[in-house]
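Structure, as structure tokens:
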Amino acid sequence: MPLMLSPLTPASWPERHHVDLLAIPKEERDALQLAALKLRFARFREAIPALTTLVEKQGVDKIERIEDVMPICFDHRVLKNYPLTILEKRDFKKLTAWLNKLTTHDLTIVDLSGLTTVDSWIDRLESYGMVIGTSSGTTGKLSFVARSMDDMPGWRLAWMQAAIAGTGVNPHTTKLPTFVPGYRSGHQMAIKNGKQFANEMCGGEENRHSLYDIHMSADLMVLSGKMQAAEEKGELDKIGIDPVLVEQRRAIIEMGKNRPRDVQVWFEKMIHDFRGQQVRIGGLFADLYRAAQAGMDKGIKPDFAPGTIVVGGGGMKGFKDAPDNWRQIIEEFFGVERLCSSYGFSENMGNAQQCSQGYYHFFPYTIVMLMGPNGEALPREGVQKGRLAVYDLLAESVWGGVVSGDEVTVHFDDDCACGWKGPRVEDNIRRYSEMEGGDDKITCSGSAKAYDEFMDYVMGQ
Amino acid sequence: MSKVYTVPILSRGRVILPTEDDFLEFGGRTGARFRTPDPHKHVHDLVLGDAGRLIDLHNLPMSEILDFLAALGPRLRLSENPYLQDAYDLAIEAGGLTKPLMSTLYDRLPDMFDRATLEARVDRAIGLPYLDGWVPQADSGPGAEVRVRAVGCRHLHIIAGNVPITAPGTVLSSALSKGDCLIKAPSNDPLTANAVVRTMIDLNPDHPVTKHLAVAYWKGGDAFMDSEIIRTSRIDKITAWGGMASVQHIQKYLVPGIELLSMNPKYSFSIVGKEVFESDAAMREAATGVAIQAGKFNQSACASTRLVYVESDTDDDSIEKLIAFGELVYAAFQTLPDYFSTPADAPNPSLEAEMRAIESEDDFYWVKGDTIDGGVIVSKFEGKVDFSNELSNRVVNIVPVENWSEVLGSVDDTSQTIPIFPVSLRVRLREELAIRGAQRMLPLSTNLLDPVEAGAVPALPHDGNESLRRQVRWMIDQGPLA
């Protein structure tokens, strides 16, 4: 049966069942995506100032093929191309003016009086209908994705559709108690999504159980680099940072040290409290493995109801001694048939779900492109490896074209044994930032890498 | 498919070539590949377990060592030395410098071995009498029977490969300090040290200097190699370039009794006073100076300027002047001679992306150029770009500062070379810079020839320490001699 998806309203596509969405053949899907992309370009090119500038600079006047959009996709760095110092100094006027160039909405009407923290700035923007998510900004520099309530309907539907596709459990009808081995709230995108879709996914915040019942402050992420530097000079009390933040930082560092133990203790409690119930267990695979191994050593046997799902990510990064069969150990311990996983990033609303064959399939509302080493578009056919670029057709108030920082291998042809169509990504995603620098080259000049390596060393990794 | 180079292990006068049963292949990220004998099988050829075997070099007068080095110099001409030609080709493939610059650096090799220069250098850094014998510490009285001697010891050098003169420099400092030296070559320049020492073996494989040099490549972090080599019974001192990148692998083997000379990574920046805006001539002089300081070795060295702090307000008029200065710097990059600085062979994709990402932010930045031809980023507020650690391929960031206090606050042990305009500002700031850790202050001038690099002054400190002097140990002999 034809789906009758309209290129005018891509944000409504996730109304459809994922089985239908992932059954659209390549030719039809490409034509639909191209038609929708043309309309998005026409609608946004004058409406988003940063896009207008980029379009002029690149001299792109029309989109005739999907690849034509690549030169005017924002490099992911564009979403953090403000000077860090305006964030550290909390110059909200400049920060708002900067953000205003990335959205269709007019942020000049936002009252910026009385703001003292980045969190309060985000809250203020959200009181005007914006929905602001940040990256985790390990270096202290956060990316800001300036969505709005206009994006919410499509975003929510896509989130739920992805959950059904990825886990087989339909959150429209089955609200599962959910385990979150992390922070309860925060504006970092992954944490934010957990909270903002709590009603849809778990039937309310009271059914979401987090390891730490605290808010992850954006200010803390912003100031962590500066505080680290000040602490090394013994001047942490002299740089004018709110003592509350200093205390929060201390507490989080302390928590980080105790985290492996906390995760174990917490899982033991959850296993006990939810005996016999169907639940959704989230988290990093490394944490889940740690919990499983510790539980097995203690002779604990979870007894969750059938239909329980484990949704993880992150591989075994930072866990050198994990055995090759860590997946099996997690599956056996929690009593699930397979581990569910998805792939996505803050700048794109439709997460790709891992299929039975281990590939991540994107839905038709995410246009998948690959960039070659010289910035050129790679052919959207066969198997290709390059930098992932996407156009997020769900985006209603931001430009959906983004070049990611990930190197991926994509199979463009609809030939996956799982039965789903749509471009699929191999499970070997790598971050360019982690690959650059080369192996074993010694130089006398300083670099960011030297600092990162120093931090790894200090952290004992 | 690129050529596979042969990198033998050199062990105390012997050349150990890879064979069908004994080889490992390594590949540089950029494609250069090389083959060496398995270092695990030869680790005992590399270290000197018995320090007593240093006696030959210890007893050899410095004049003979200098003669030998001076004889080696003329054999290190790139055009005539096939080993160096291979090293050059491989360094081009594996390293980050363009051909004209690499040629300039290799062409310096014979001069590095000039006898008079070396003699002056070692005499100044250590003192020839101290290397050749026991020196009484007083003319008369009890001190006259107390004698001190500088004694060579066993070194491991983990050298840097971004500039190929580190390798011959290491060979020299080892010979001049009568030391035993194992060089761990870097993957970005695996052959230069090899070429120098191999030429030495051809000259005389049995000379005590040759007998105390070993060169090998193994992958950084090879636990077997580290644990076999870094023992108090086999090594006395380690010189490690590259800071954490090289030290993190070996730190667990460092025990009291092994001295670490850490040549950790450095940053360099320029300082320009408000006098620059007083005349066109001043603008041009400082701008050319910046281009020279950033353009040298195509900004690949620790001494290369990356940030340029300029005393300036941030109102529109001031920023306009700052941009005019930036234009002059960019123009000056284009006029630097090929032997000194060239466009890059390939872009730096990460930095290029950062530049393109801020280009649209004209409220905060002015951007000109790219990572091929060089570039200039002018900050329109008091603050450097957030990717300042990535600045390379002749891209500088010009940052306005109201006063010097913030700049001084950022100076530390990693601040190496600080060119300053005008002279009066250098004289005014040098004490404040030095006490915070800055290691070298000099003028921002239009002169391409740097007297320090030209060797006009022998035995200058490097990175704030006298590394040649630290190669030896200082021993005491006291009492009557008969």
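Chain lettering (A, B, ...) mirrors the order of the structure tokens, residue numbering begins at 1 for each chain separately, and ligand numbering begins at 1 in order of display.
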Mind checking which residues fall within 10 Å of Glu432 (chain B), counting only C-alpha atoms, ignoring those fewer than 6 positions away in the same chain, and posting them as a PDB file with N, CA and C atoms, in the first residue's frame?
```
ATOM      1  N   SER B 405      48.546  42.241  31.398  1.00  0.00           N
ATOM      2  CA  SER B 405      48.431  41.387  32.581  1.00  0.00           C
ATOM      3  C   SER B 405      47.867  40.006  32.237  1.00  0.00           C
ATOM      4  N   LEU B 408      50.535  38.003  30.429  1.00  0.00           N
ATOM      5  CA  LEU B 408      51.543  37.533  31.387  1.00  0.00           C
ATOM      6  C   LEU B 408      50.996  36.366  32.210  1.00  0.00           C
ATOM      7  N   GLY B 409      49.707  36.442  32.530  1.00  0.00           N
ATOM      8  CA  GLY B 409      49.095  35.371  33.312  1.00  0.00           C
ATOM      9  C   GLY B 409      49.085  34.036  32.589  1.00  0.00           C
ATOM     10  N   VAL B 411      51.532  33.006  30.651  1.00  0.00           N
ATOM     11  CA  VAL B 411      52.899  32.527  30.413  1.00  0.00           C
ATOM     12  C   VAL B 411      53.264  31.480  31.456  1.00  0.00           C
ATOM     13  N   ALA B 438      58.912  32.030  30.594  1.00  0.00           N
ATOM     14  CA  ALA B 438      59.223  32.241  29.176  1.00  0.00           C
ATOM     15  C   ALA B 438      60.716  32.047  28.926  1.00  0.00           C
TER      16      ALA B 438
END
```
Check every residue of chain B for an atom within 9 Å of chain A, counting only C-alpha atoms, and provide those that qualify as a PDB file with N, CA and C atoms, in the first residue's frame.
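Now in out_29.pdb:
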```pdb
ATOM      1  N   GLY B  28      53.591   4.645   8.324  1.00  0.00           N
ATOM      2  CA  GLY B  28      53.211   5.984   8.781  1.00  0.00           C
ATOM      3  C   GLY B  28      51.788   6.250   8.345  1.00  0.00           C
ATOM      4  N   ARG B  29      51.106   7.097   9.061  1.00  0.00           N
ATOM      5  CA  ARG B  29      49.728   7.416   8.743  1.00  0.00           C
ATOM      6  C   ARG B  29      49.601   8.001   7.346  1.00  0.00           C
ATOM      7  N   THR B  30      50.611   8.755   6.933  1.00  0.00           N
ATOM      8  CA  THR B  30      50.517   9.408   5.635  1.00  0.00           C
ATOM      9  C   THR B  30      50.954   8.498   4.508  1.00  0.00           C
ATOM     10  N   GLY B  95      56.666  12.957   7.395  1.00  0.00           N
ATOM     11  CA  GLY B  95      56.646  14.140   8.247  1.00  0.00           C
ATOM     12  C   GLY B  95      55.720  15.207   7.749  1.00  0.00           C
ATOM     13  N   ILE B 158      64.646   9.632  23.381  1.00  0.00           N
ATOM     14  CA  ILE B 158      63.403   9.454  22.623  1.00  0.00           C
ATOM     15  C   ILE B 158      63.184  10.775  21.898  1.00  0.00           C
ATOM     16  N   ILE B 159      63.537  10.787  20.602  1.00  0.00           N
ATOM     17  CA  ILE B 159      63.657  12.088  19.943  1.00  0.00           C
ATOM     18  C   ILE B 159      62.407  12.469  19.160  1.00  0.00           C
ATOM     19  N   ALA B 160      62.326  13.773  18.864  1.00  0.00           N
ATOM     20  CA  ALA B 160      61.205  14.305  18.095  1.00  0.00           C
ATOM     21  C   ALA B 160      61.524  14.215  16.608  1.00  0.00           C
ATOM     22  N   GLY B 161      60.490  14.147  15.793  1.00  0.00           N
ATOM     23  CA  GLY B 161      60.715  13.996  14.367  1.00  0.00           C
ATOM     24  C   GLY B 161      60.108  15.091  13.516  1.00  0.00           C
ATOM     25  N   ASN B 162      59.552  16.136  14.157  1.00  0.00           N
ATOM     26  CA  ASN B 162      58.905  17.160  13.331  1.00  0.00           C
ATOM     27  C   ASN B 162      59.919  18.005  12.576  1.00  0.00           C
ATOM     28  N   VAL B 163      61.147  18.124  13.117  1.00  0.00           N
ATOM     29  CA  VAL B 163      62.218  18.830  12.437  1.00  0.00           C
ATOM     30  C   VAL B 163      63.431  17.902  12.456  1.00  0.00           C
ATOM     31  N   PRO B 186      61.765   8.436  15.918  1.00  0.00           N
ATOM     32  CA  PRO B 186      60.322   8.682  15.858  1.00  0.00           C
ATOM     33  C   PRO B 186      59.719   8.198  14.538  1.00  0.00           C
ATOM     34  N   SER B 187      58.449   7.878  14.536  1.00  0.00           N
ATOM     35  CA  SER B 187      57.838   7.360  13.308  1.00  0.00           C
ATOM     36  C   SER B 187      57.737   8.437  12.237  1.00  0.00           C
ATOM     37  N   ASN B 188      57.738   9.730  12.657  1.00  0.00           N
ATOM     38  CA  ASN B 188      57.655  10.781  11.638  1.00  0.00           C
ATOM     39  C   ASN B 188      59.025  11.162  11.074  1.00  0.00           C
ATOM     40  N   ASP B 189      60.099  10.577  11.572  1.00  0.00           N
ATOM     41  CA  ASP B 189      61.420  10.742  10.968  1.00  0.00           C
ATOM     42  C   ASP B 189      62.278   9.543  11.357  1.00  0.00           C
ATOM     43  N   LYS B 219      57.912   0.753  18.255  1.00  0.00           N
ATOM     44  CA  LYS B 219      56.690   1.525  18.432  1.00  0.00           C
ATOM     45  C   LYS B 219      56.629   2.047  19.864  1.00  0.00           C
ATOM     46  N   GLY B 220      56.340   3.339  19.997  1.00  0.00           N
ATOM     47  CA  GLY B 220      56.218   3.915  21.329  1.00  0.00           C
ATOM     48  C   GLY B 220      55.217   3.111  22.142  1.00  0.00           C
ATOM     49  N   GLY B 221      55.554   2.835  23.385  1.00  0.00           N
ATOM     50  CA  GLY B 221      54.624   2.085  24.225  1.00  0.00           C
ATOM     51  C   GLY B 221      54.838   0.587  24.157  1.00  0.00           C
ATOM     52  N   TRP B 241      61.724  13.821  24.271  1.00  0.00           N
ATOM     53  CA  TRP B 241      61.014  14.911  23.593  1.00  0.00           C
ATOM     54  C   TRP B 241      59.536  14.530  23.545  1.00  0.00           C
ATOM     55  N   GLY B 242      58.711  15.554  23.391  1.00  0.00           N
ATOM     56  CA  GLY B 242      57.299  15.249  23.152  1.00  0.00           C
ATOM     57  C   GLY B 242      56.461  15.123  24.409  1.00  0.00           C
ATOM     58  N   GLY B 243      57.050  15.369  25.547  1.00  0.00           N
ATOM     59  CA  GLY B 243      56.250  15.433  26.773  1.00  0.00           C
ATOM     60  C   GLY B 243      55.485  14.160  27.036  1.00  0.00           C
ATOM     61  N   MET B 244      54.217  14.340  27.382  1.00  0.00           N
ATOM     62  CA  MET B 244      53.406  13.205  27.794  1.00  0.00           C
ATOM     63  C   MET B 244      53.343  12.122  26.730  1.00  0.00           C
ATOM     64  N   ALA B 245      53.359  12.555  25.445  1.00  0.00           N
ATOM     65  CA  ALA B 245      53.213  11.577  24.370  1.00  0.00           C
ATOM     66  C   ALA B 245      54.277  10.497  24.485  1.00  0.00           C
ATOM     67  N   SER B 246      55.503  10.880  24.860  1.00  0.00           N
ATOM     68  CA  SER B 246      56.524   9.840  24.987  1.00  0.00           C
ATOM     69  C   SER B 246      56.682   9.390  26.436  1.00  0.00           C
ATOM     70  N   GLN B 248      54.430   9.118  28.864  1.00  0.00           N
ATOM     71  CA  GLN B 248      53.398   8.314  29.510  1.00  0.00           C
ATOM     72  C   GLN B 248      53.670   6.812  29.381  1.00  0.00           C
ATOM     73  N   MET B 263      61.949  17.128  27.456  1.00  0.00           N
ATOM     74  CA  MET B 263      61.851  18.240  26.508  1.00  0.00           C
ATOM     75  C   MET B 263      60.378  18.339  26.122  1.00  0.00           C
ATOM     76  N   ASN B 264      59.578  18.844  27.054  1.00  0.00           N
ATOM     77  CA  ASN B 264      58.128  18.786  26.841  1.00  0.00           C
ATOM     78  C   ASN B 264      57.664  19.798  25.803  1.00  0.00           C
ATOM     79  N   PRO B 265      56.468  19.591  25.249  1.00  0.00           N
ATOM     80  CA  PRO B 265      56.006  20.441  24.153  1.00  0.00           C
ATOM     81  C   PRO B 265      55.876  21.898  24.576  1.00  0.00           C
ATOM     82  N   LYS B 266      56.205  22.768  23.645  1.00  0.00           N
ATOM     83  CA  LYS B 266      56.207  24.202  23.925  1.00  0.00           C
ATOM     84  C   LYS B 266      55.293  24.950  22.959  1.00  0.00           C
ATOM     85  N   TYR B 267      54.852  26.088  23.414  1.00  0.00           N
ATOM     86  CA  TYR B 267      54.075  26.997  22.569  1.00  0.00           C
ATOM     87  C   TYR B 267      54.840  28.307  22.454  1.00  0.00           C
ATOM     88  N   SER B 268      54.667  28.989  21.337  1.00  0.00           N
ATOM     89  CA  SER B 268      55.318  30.278  21.200  1.00  0.00           C
ATOM     90  C   SER B 268      54.327  31.294  20.650  1.00  0.00           C
ATOM     91  N   SER B 300      55.920  24.506  12.111  1.00  0.00           N
ATOM     92  CA  SER B 300      55.843  23.157  12.666  1.00  0.00           C
ATOM     93  C   SER B 300      56.673  23.006  13.939  1.00  0.00           C
ATOM     94  N   ALA B 301      57.450  24.025  14.287  1.00  0.00           N
ATOM     95  CA  ALA B 301      58.359  23.876  15.425  1.00  0.00           C
ATOM     96  C   ALA B 301      57.771  24.503  16.686  1.00  0.00           C
ATOM     97  N   CYS B 302      58.414  24.161  17.798  1.00  0.00           N
ATOM     98  CA  CYS B 302      57.971  24.725  19.073  1.00  0.00           C
ATOM     99  C   CYS B 302      58.196  26.237  19.106  1.00  0.00           C
ATOM    100  N   ALA B 303      59.188  26.705  18.351  1.00  0.00           N
ATOM    101  CA  ALA B 303      59.502  28.134  18.378  1.00  0.00           C
ATOM    102  C   ALA B 303      58.569  28.952  17.491  1.00  0.00           C
ATOM    103  N   SER B 304      57.678  28.280  16.763  1.00  0.00           N
ATOM    104  CA  SER B 304      56.836  29.000  15.809  1.00  0.00           C
ATOM    105  C   SER B 304      55.725  29.780  16.502  1.00  0.00           C
ATOM    106  N   PRO B 349      42.754  19.494   7.544  1.00  0.00           N
ATOM    107  CA  PRO B 349      41.287  19.489   7.441  1.00  0.00           C
ATOM    108  C   PRO B 349      40.585  19.992   8.702  1.00  0.00           C
ATOM    109  N   SER B 350      41.115  19.619   9.855  1.00  0.00           N
ATOM    110  CA  SER B 350      40.457  20.010  11.096  1.00  0.00           C
ATOM    111  C   SER B 350      40.537  21.529  11.301  1.00  0.00           C
ATOM    112  N   ALA B 353      38.389  23.370   8.817  1.00  0.00           N
ATOM    113  CA  ALA B 353      36.973  23.352   9.199  1.00  0.00           C
ATOM    114  C   ALA B 353      36.695  24.365  10.306  1.00  0.00           C
ATOM    115  N   GLU B 354      37.628  24.492  11.239  1.00  0.00           N
ATOM    116  CA  GLU B 354      37.455  25.493  12.303  1.00  0.00           C
ATOM    117  C   GLU B 354      37.423  26.900  11.701  1.00  0.00           C
ATOM    118  N   ARG B 356      36.635  27.789   8.629  1.00  0.00           N
ATOM    119  CA  ARG B 356      35.398  28.012   7.866  1.00  0.00           C
ATOM    120  C   ARG B 356      34.199  28.188   8.811  1.00  0.00           C
ATOM    121  N   ALA B 357      34.263  27.496   9.959  1.00  0.00           N
ATOM    122  CA  ALA B 357      33.133  27.582  10.888  1.00  0.00           C
ATOM    123  C   ALA B 357      33.038  28.957  11.539  1.00  0.00           C
ATOM    124  N   ILE B 358      34.177  29.628  11.773  1.00  0.00           N
ATOM    125  CA  ILE B 358      34.082  30.946  12.413  1.00  0.00           C
ATOM    126  C   ILE B 358      33.995  32.075  11.398  1.00  0.00           C
ATOM    127  N   GLU B 359      34.243  31.727  10.146  1.00  0.00           N
ATOM    128  CA  GLU B 359      34.243  32.745   9.103  1.00  0.00           C
ATOM    129  C   GLU B 359      32.909  33.489   9.046  1.00  0.00           C
ATOM    130  N   SER B 360      31.823  32.712   9.264  1.00  0.00           N
ATOM    131  CA  SER B 360      30.501  33.335   9.177  1.00  0.00           C
ATOM    132  C   SER B 360      30.210  34.210  10.397  1.00  0.00           C
ATOM    133  N   GLU B 361      31.013  34.055  11.445  1.00  0.00           N
ATOM    134  CA  GLU B 361      30.782  34.804  12.669  1.00  0.00           C
ATOM    135  C   GLU B 361      31.531  36.133  12.639  1.00  0.00           C
ATOM    136  N   ASP B 363      30.848  38.928  13.678  1.00  0.00           N
ATOM    137  CA  ASP B 363      30.792  39.741  14.889  1.00  0.00           C
ATOM    138  C   ASP B 363      32.029  39.527  15.749  1.00  0.00           C
ATOM    139  N   PHE B 364      32.603  38.349  15.627  1.00  0.00           N
ATOM    140  CA  PHE B 364      33.693  37.983  16.542  1.00  0.00           C
ATOM    141  C   PHE B 364      35.056  37.864  15.853  1.00  0.00           C
ATOM    142  N   GLU B 382      38.716  40.720  23.149  1.00  0.00           N
ATOM    143  CA  GLU B 382      39.921  40.270  23.851  1.00  0.00           C
ATOM    144  C   GLU B 382      39.864  38.779  24.117  1.00  0.00           C
ATOM    145  N   GLY B 383      40.287  37.991  23.171  1.00  0.00           N
ATOM    146  CA  GLY B 383      40.284  36.545  23.417  1.00  0.00           C
ATOM    147  C   GLY B 383      40.756  35.809  22.193  1.00  0.00           C
ATOM    148  N   LYS B 384      41.554  34.764  22.414  1.00  0.00           N
ATOM    149  CA  LYS B 384      42.046  33.978  21.293  1.00  0.00           C
ATOM    150  C   LYS B 384      40.949  33.046  20.809  1.00  0.00           C
ATOM    151  N   VAL B 385      41.153  32.461  19.627  1.00  0.00           N
ATOM    152  CA  VAL B 385      40.203  31.465  19.136  1.00  0.00           C
ATOM    153  C   VAL B 385      40.272  30.250  20.050  1.00  0.00           C
ATOM    154  N   ASP B 386      39.159  29.543  20.141  1.00  0.00           N
ATOM    155  CA  ASP B 386      39.119  28.419  21.078  1.00  0.00           C
ATOM    156  C   ASP B 386      39.887  27.204  20.568  1.00  0.00           C
ATOM    157  N   PHE B 387      40.336  27.279  19.312  1.00  0.00           N
ATOM    158  CA  PHE B 387      41.120  26.164  18.765  1.00  0.00           C
ATOM    159  C   PHE B 387      42.577  26.594  18.598  1.00  0.00           C
ATOM    160  N   SER B 388      43.034  27.513  19.453  1.00  0.00           N
ATOM    161  CA  SER B 388      44.384  28.059  19.277  1.00  0.00           C
ATOM    162  C   SER B 388      45.452  26.969  19.328  1.00  0.00           C
ATOM    163  N   ASN B 389      45.182  25.879  20.029  1.00  0.00           N
ATOM    164  CA  ASN B 389      46.164  24.793  20.095  1.00  0.00           C
ATOM    165  C   ASN B 389      46.337  24.096  18.757  1.00  0.00           C
ATOM    166  N   GLU B 390      45.402  24.325  17.847  1.00  0.00           N
ATOM    167  CA  GLU B 390      45.490  23.643  16.548  1.00  0.00           C
ATOM    168  C   GLU B 390      46.159  24.493  15.481  1.00  0.00           C
ATOM    169  N   LEU B 391      46.479  25.760  15.798  1.00  0.00           N
ATOM    170  CA  LEU B 391      47.003  26.655  14.763  1.00  0.00           C
ATOM    171  C   LEU B 391      48.276  26.074  14.156  1.00  0.00           C
ATOM    172  N   THR B 414      55.529  26.239  29.462  1.00  0.00           N
ATOM    173  CA  THR B 414      55.388  25.832  28.066  1.00  0.00           C
ATOM    174  C   THR B 414      55.615  26.993  27.085  1.00  0.00           C
TER     175      THR B 414
END
```
Practice prompt. Within region 163-312 of chain B, find each residue whose DSSP state, derived from the backbone, is alpha helix (DSSP H), and express the selection as JSON, numbers by chain.
Written response: {"B": [166, 167, 168, 169, 170, 171, 172, 173, 174, 175, 176, 192, 193, 194, 195, 196, 197, 198, 199, 200, 201, 202, 203, 208, 209, 210, 211, 223, 224, 225, 226, 227, 228, 229, 244, 245, 246, 247, 248, 249, 250, 280, 281, 282, 283, 284, 285, 286, 287, 288, 289, 290, 291, 292, 293, 294, 295]}
Residues from the last selection, C-alpha atoms, saved as an mmCIF file, in the first residue's frame:
```
data_model
loop_
_atom_site.group_PDB
_atom_site.id
_atom_site.type_symbol
_atom_site.label_atom_id
_atom_site.label_comp_id
_atom_site.auth_asym_id
_atom_site.auth_seq_id
_atom_site.Cartn_x
_atom_site.Cartn_y
_atom_site.Cartn_z
ATOM 1 C CA THR B 166 66.963 16.788 16.353
ATOM 2 C CA ALA B 167 68.595 13.539 15.237
ATOM 3 C CA PRO B 168 72.072 14.880 14.345
ATOM 4 C CA GLY B 169 71.868 17.204 17.362
ATOM 5 C CA THR B 170 71.419 14.163 19.576
ATOM 6 C CA VAL B 171 74.366 12.333 17.998
ATOM 7 C CA LEU B 172 76.501 15.407 18.612
ATOM 8 C CA SER B 173 75.519 15.925 22.206
ATOM 9 C CA SER B 174 76.217 12.307 22.978
ATOM 10 C CA ALA B 175 79.665 12.356 21.397
ATOM 11 C CA LEU B 176 80.559 15.715 22.917
ATOM 12 C CA THR B 192 67.725 10.697 9.803
ATOM 13 C CA ALA B 193 69.484 9.515 12.968
ATOM 14 C CA ASN B 194 70.098 6.255 11.165
ATOM 15 C CA ALA B 195 71.639 8.002 8.163
ATOM 16 C CA VAL B 196 74.024 10.071 10.287
ATOM 17 C CA VAL B 197 75.213 7.105 12.327
ATOM 18 C CA ARG B 198 75.466 4.841 9.297
ATOM 19 C CA THR B 199 77.689 7.385 7.588
ATOM 20 C CA MET B 200 79.784 7.339 10.735
ATOM 21 C CA ILE B 201 80.041 3.540 10.570
ATOM 22 C CA ASP B 202 81.268 3.810 6.982
ATOM 23 C CA LEU B 203 83.849 6.329 8.137
ATOM 24 C CA PRO B 208 84.944 4.771 20.205
ATOM 25 C CA VAL B 209 82.318 7.361 19.235
ATOM 26 C CA THR B 210 80.800 4.902 16.742
ATOM 27 C CA LYS B 211 81.004 2.113 19.316
ATOM 28 C CA ALA B 223 56.232 -2.607 26.956
ATOM 29 C CA PHE B 224 58.835 -5.265 26.224
ATOM 30 C CA MET B 225 61.319 -2.733 24.877
ATOM 31 C CA ASP B 226 60.650 -0.266 27.663
ATOM 32 C CA SER B 227 61.038 -2.860 30.392
ATOM 33 C CA GLU B 228 64.212 -4.303 28.880
ATOM 34 C CA ILE B 229 65.900 -0.961 28.329
ATOM 35 C CA MET B 244 53.406 13.205 27.794
ATOM 36 C CA ALA B 245 53.213 11.577 24.370
ATOM 37 C CA SER B 246 56.524 9.840 24.987
ATOM 38 C CA VAL B 247 56.720 9.945 28.769
ATOM 39 C CA GLN B 248 53.398 8.314 29.510
ATOM 40 C CA HIS B 249 54.645 5.031 28.120
ATOM 41 C CA ILE B 250 57.829 4.956 30.128
ATOM 42 C CA ASP B 280 53.288 52.415 8.047
ATOM 43 C CA ALA B 281 56.907 51.416 8.421
ATOM 44 C CA ALA B 282 56.269 50.113 11.925
ATOM 45 C CA MET B 283 53.224 48.166 10.686
ATOM 46 C CA ARG B 284 55.251 46.571 7.920
ATOM 47 C CA GLU B 285 58.199 45.751 10.136
ATOM 48 C CA ALA B 286 56.093 44.042 12.803
ATOM 49 C CA ALA B 287 53.911 42.269 10.219
ATOM 50 C CA THR B 288 56.937 40.888 8.380
ATOM 51 C CA GLY B 289 58.378 39.864 11.733
ATOM 52 C CA VAL B 290 55.222 37.940 12.559
ATOM 53 C CA ALA B 291 55.247 36.227 9.158
ATOM 54 C CA ILE B 292 58.875 35.206 9.685
ATOM 55 C CA GLN B 293 58.274 33.908 13.195
ATOM 56 C CA ALA B 294 55.166 31.971 12.177
ATOM 57 C CA GLY B 295 56.409 30.983 8.739
#
```
Inset, instruction - Using only C-alpha atoms, determine which residues lie at most 8 Å from Arg75 (chain B), disregarding the query and same-chain residues fewer than 3 positions distant; provide the list as a list in words. - result: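 Once the nearby chain positions are removed, what remains is Ala71, Leu72, Glu80, Asn81, Pro110 and Thr199 of chain B.
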With distances taken over only C-alpha atoms, the candidate from A:His105, A:Lys192, A:Arg156, A:His172 nearest Thr134 (chain A) is A:Lys192
Set the distance at 12 Å and use only C-alpha atoms: which residues neighbour Gly179 (chain B) once local chain neighbours fewer than 5 positions away are removed? I'd like the list as a PyMOL selection string. chain B and resi 48+51-60+65+131+150-157+170-174+208-214+235-237+468-473
Would you output that residue set with C-alpha atoms, as a short mmCIF file (atom, residue, chain, number, x, y, z; two decimals), in the first residue's frame?
```cif
data_model
loop_
_atom_site.label_atom_id
_atom_site.label_comp_id
_atom_site.auth_asym_id
_atom_site.auth_seq_id
_atom_site.Cartn_x
_atom_site.Cartn_y
_atom_site.Cartn_z
CA LEU B 48 75.20 -1.12 27.32
CA ALA B 51 79.09 0.83 32.11
CA GLY B 52 82.77 -0.12 32.34
CA ARG B 53 82.84 -0.39 28.57
CA LEU B 54 82.66 3.41 28.42
CA ILE B 55 86.37 3.47 29.30
CA ASP B 56 87.47 3.75 25.65
CA LEU B 57 85.52 6.95 25.12
CA HIS B 58 86.37 8.23 28.58
CA ASN B 59 90.08 7.94 27.86
CA LEU B 60 89.83 9.47 24.39
CA ILE B 65 86.45 13.26 19.18
CA LEU B 131 85.86 16.27 29.99
CA ALA B 150 82.60 15.57 33.89
CA VAL B 151 81.95 11.93 33.12
CA GLY B 152 79.81 10.56 30.30
CA CYS B 153 77.00 8.14 31.01
CA ARG B 154 74.43 5.93 29.30
CA HIS B 155 71.49 7.62 27.60
CA LEU B 156 68.23 6.76 26.02
CA HIS B 157 67.04 9.54 23.71
CA THR B 170 71.42 14.16 19.58
CA VAL B 171 74.37 12.33 18.00
CA LEU B 172 76.50 15.41 18.61
CA SER B 173 75.52 15.93 22.21
CA SER B 174 76.22 12.31 22.98
CA PRO B 208 84.94 4.77 20.20
CA VAL B 209 82.32 7.36 19.23
CA THR B 210 80.80 4.90 16.74
CA LYS B 211 81.00 2.11 19.32
CA HIS B 212 78.79 4.07 21.68
CA LEU B 213 75.91 4.83 19.36
CA ALA B 214 72.86 2.66 18.75
CA ILE B 235 70.46 3.38 31.42
CA ASP B 236 71.46 6.41 33.46
CA LYS B 237 69.52 9.22 31.80
CA LEU B 468 74.38 19.47 26.87
CA ARG B 469 75.67 20.16 30.37
CA ARG B 470 73.06 17.82 31.78
CA GLN B 471 74.34 14.93 29.66
CA VAL B 472 77.27 14.33 32.02
CA ARG B 473 77.66 13.44 35.65
#
```
